[in-house]
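A.B. asks: One structure is given below, represented as structure tokens, and several questions about it will come after.
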Amino acid sequence: MQTQPLKIAGRSFASRLFTGTGKFASAELMAQAIAASGSELTTLAIKRVKLTGEDPQILAPLRGLGVNLLPNTSGARTAEEACYVARLAREALGTHWVKLEIHPDPRYLMPDPIETLKAAEQLVKEGFVVLPYCGADPMLCKRLEEAGCAAVMPLGAAIGSNQGLTTRQMLQIIMEQSGVPVVVDAGLGAPSHAAEAMELGADAVLVNTAIAVAGNPVVMAQAFALAVQAGRLAYEHGLGAVSQRAVASSPLDPFLLRLLEDPA
Amino acid sequence: MNKQTMDFFVNDSPRQGLIGLSLAGLLLAEGLGRGEPPQIPAGVAVALNQAVIPRLKWALTPVAAGDRIDIFSVIAGG
């Protein structure tokens, strides 16, 4: 059963599950899990090399999968640093897509809204396709959209926290208002969280930690893929309305009605 | 200091090299080359004084005294 394809900046995605490459026990396991997830867009980071002779072993297996690469600017603390990292990533990977991430606080890794908006404006001017990781703030998401971002990536919960949709109410407002795709990123710890985001109307979700550190990352990747598809199908095909009171599944028959009218 | 050498910085660490050294030569000197003849693997990006230098220009770009070179590489991340 197919869901409608997702379009971001003119590129079409059949899978609405985006993945990350961090925290896997090995590059081989990472590649197997991403393949199993069916994901067509996966994130990477770019950092100063330590000059100890280690190789970037991660790239070859990803190229083999044919998945689109989305470099992030993780590690940047200011708009200026993020723009610098984005330009380096464009050169290193040959893509002008970038996941803009600016989180200077190491405890909660909360994205800095001011620096993120500044960097988004600059990177859009430079021709980047910008997907900003941001707080679940409807006003900020609107401003990022107006700045020319190709999508917004509000957080469900803190990165790697597995808490699920702690920002559910705000995410609903963001999805209702957004003119660009909404990708719920961060904090999705279980397939049910991903399904919940998709049922709410998210255009996609990004999952990394919950897959990478699972007992079996390859099977967990499949579980997330199924959940994302189920959630999206439900969203596309008319979820029932929520009611405070019971609504009978079958009509009350005359016998029962008589009893109700004349209990004696 | 010997006339033939110059001082510069790679990822903030002080380095010394021969005058006339290119970025490509520097990357090999830093041990980033792989294979025979050694080549710089994909996923590496270089900036000279904060300006990104495309791979095709590494061999043609000389390093000058006092330059600050940043070498970045792709790693796993979410």
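Ordering of the structure tokens sets the chain letters (A, B, ...); residue numbers start at 1 within each chain; ligands are numbered from 1 in the order shown.
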Residues of chain A near chain B: apply a cut-off of 6 Å, count only C-alpha atoms, and supply the list as a VMD selection string.
C.D. replies: chain A and resid 20 to 22 43 to 49 88 91 to 93 208
A.B. asks: If DSSP is run on the backbone, what residues of chain B are helix (DSSP H, G or I)? A reply as a ChimeraX atom specification would be ideal.
C.D. replies: /B:23-29,55-60
A.B. asks: Using N, CA and C atoms, can you export the residues from the last selection as a PDB file, in the first residue's frame?
C.D. replies:
ATOM      1  N   LEU B  23      48.255  23.037  -1.164  1.00  0.00           N
ATOM      2  CA  LEU B  23      47.275  22.396  -0.271  1.00  0.00           C
ATOM      3  C   LEU B  23      47.277  20.888  -0.471  1.00  0.00           C
ATOM      4  N   ALA B  24      47.372  20.465  -1.728  1.00  0.00           N
ATOM      5  CA  ALA B  24      47.401  19.025  -2.016  1.00  0.00           C
ATOM      6  C   ALA B  24      48.610  18.372  -1.341  1.00  0.00           C
ATOM      7  N   GLY B  25      49.762  19.046  -1.429  1.00  0.00           N
ATOM      8  CA  GLY B  25      50.974  18.526  -0.799  1.00  0.00           C
ATOM      9  C   GLY B  25      50.827  18.474   0.714  1.00  0.00           C
ATOM     10  N   LEU B  26      50.173  19.490   1.256  1.00  0.00           N
ATOM     11  CA  LEU B  26      49.965  19.536   2.699  1.00  0.00           C
ATOM     12  C   LEU B  26      49.089  18.372   3.169  1.00  0.00           C
ATOM     13  N   LEU B  27      47.991  18.097   2.419  1.00  0.00           N
ATOM     14  CA  LEU B  27      47.080  17.017   2.813  1.00  0.00           C
ATOM     15  C   LEU B  27      47.803  15.671   2.825  1.00  0.00           C
ATOM     16  N   LEU B  28      48.685  15.477   1.856  1.00  0.00           N
ATOM     17  CA  LEU B  28      49.457  14.230   1.819  1.00  0.00           C
ATOM     18  C   LEU B  28      50.442  14.192   2.982  1.00  0.00           C
ATOM     19  N   ALA B  29      51.077  15.344   3.251  1.00  0.00           N
ATOM     20  CA  ALA B  29      52.036  15.416   4.359  1.00  0.00           C
ATOM     21  C   ALA B  29      51.339  15.148   5.697  1.00  0.00           C
ATOM     22  N   ARG B  55      38.176  20.974  -4.303  1.00  0.00           N
ATOM     23  CA  ARG B  55      39.166  19.898  -4.477  1.00  0.00           C
ATOM     24  C   ARG B  55      40.022  20.104  -5.733  1.00  0.00           C
ATOM     25  N   LEU B  56      39.387  20.544  -6.819  1.00  0.00           N
ATOM     26  CA  LEU B  56      40.116  20.696  -8.082  1.00  0.00           C
ATOM     27  C   LEU B  56      41.232  21.738  -7.984  1.00  0.00           C
ATOM     28  N   LYS B  57      41.142  22.621  -7.006  1.00  0.00           N
ATOM     29  CA  LYS B  57      42.145  23.682  -6.886  1.00  0.00           C
ATOM     30  C   LYS B  57      43.208  23.399  -5.825  1.00  0.00           C
ATOM     31  N   TRP B  58      43.136  22.247  -5.155  1.00  0.00           N
ATOM     32  CA  TRP B  58      44.087  21.968  -4.078  1.00  0.00           C
ATOM     33  C   TRP B  58      45.530  21.968  -4.588  1.00  0.00           C
ATOM     34  N   ALA B  59      45.737  21.384  -5.769  1.00  0.00           N
ATOM     35  CA  ALA B  59      47.107  21.254  -6.284  1.00  0.00           C
ATOM     36  C   ALA B  59      47.672  22.608  -6.713  1.00  0.00           C
ATOM     37  N   LEU B  60      46.769  23.538  -7.016  1.00  0.00           N
ATOM     38  CA  LEU B  60      47.203  24.832  -7.559  1.00  0.00           C
ATOM     39  C   LEU B  60      47.253  25.926  -6.489  1.00  0.00           C
TER      40      LEU B  60
END
A.B. asks: Which value, in Å to one decimal, gives the distance between atom CA of A:Gly66 and atom CA of A:Gln32?
C.D. replies: 12.8 Å
A.B. asks: To test your reading of the structure, identify every residue in stretch 123-157 of chain A that backbone DSSP assigns to strand (DSSP E or B), and report it as a compact mmCIF listing (two decimals) with N, CA and C atoms, in the first residue's frame.
C.D. replies:
# COMPACT_ATOMS: atom_id res chain seq x y z
N VAL A 129 19.66 24.37 0.01
CA VAL A 129 18.34 23.86 0.41
C VAL A 129 18.44 23.62 1.91
N VAL A 130 17.76 24.46 2.69
CA VAL A 130 17.97 24.49 4.14
C VAL A 130 16.83 23.79 4.87
N LEU A 131 17.18 22.79 5.67
CA LEU A 131 16.22 22.10 6.53
C LEU A 131 16.67 22.36 7.96
N PRO A 132 16.04 23.30 8.65
CA PRO A 132 16.52 23.66 9.98
C PRO A 132 15.92 22.80 11.10
N TYR A 133 16.80 22.31 11.98
CA TYR A 133 16.38 21.69 13.23
C TYR A 133 16.03 22.83 14.17
N CYS A 134 14.83 22.79 14.75
CA CYS A 134 14.39 23.94 15.54
C CYS A 134 13.48 23.48 16.67
N VAL A 152 10.75 22.45 7.65
CA VAL A 152 11.16 22.75 9.03
C VAL A 152 11.25 21.43 9.78
N MET A 153 12.14 21.39 10.76
CA MET A 153 12.36 20.16 11.51
C MET A 153 12.24 20.40 13.01
N PRO A 154 11.00 20.61 13.47
CA PRO A 154 10.82 20.85 14.90
C PRO A 154 11.05 19.58 15.72
N LEU A 155 11.48 19.78 16.96
CA LEU A 155 11.83 18.62 17.78
C LEU A 155 10.61 18.06 18.51
A.B. asks: Between A:Leu165, A:Met110, A:Leu239, A:Met139, which has the minimum distance to A:Ser74 (counting only C-alpha atoms)?
C.D. replies: A:Met110
A.B. asks: Between A:Ala197, A:Leu206, A:Ala227, A:Ala246, which has the minimum distance to A:Leu70 (counting only C-alpha atoms)?
C.D. replies: A:Leu206
A.B. asks: Considering only C-alpha atoms, return as a PyMOL selection string whatever protein or nucleic-acid residues lie within 6 Å of B:Asp7, sequence-local ones (same chain, fewer than 3 positions apart) excluded.
C.D. replies: chain B and resi 15-16+65-66
A.B. asks: Suppose we keep C-alpha atoms; can you now write the selection as a PDB file, in the first residue's frame?
C.D. replies:
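Final output, result05.pdb:
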ATOM      1  CA  ARG B  15      53.029  23.450  11.446  1.00  0.00           C
ATOM      2  CA  GLN B  16      56.183  24.122   9.453  1.00  0.00           C
ATOM      3  CA  ALA B  65      53.298  31.817   5.944  1.00  0.00           C
ATOM      4  CA  GLY B  66      50.723  32.511   8.647  1.00  0.00           C
TER       5      GLY B  66
END
A.B. asks: What is the distance, in Å and to one decimal place, between atom CA of A:Asn162 and atom CA of A:Lys99?
C.D. replies: 20.4 Å
A.B. asks: When you draw a straight line from atom CA of A:Arg107 to atom CA of A:Glu81, how long is it in Å?
C.D. replies: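 Going from atom CA of A:Arg107 over to atom CA of A:Glu81 covers 19.8 Å.
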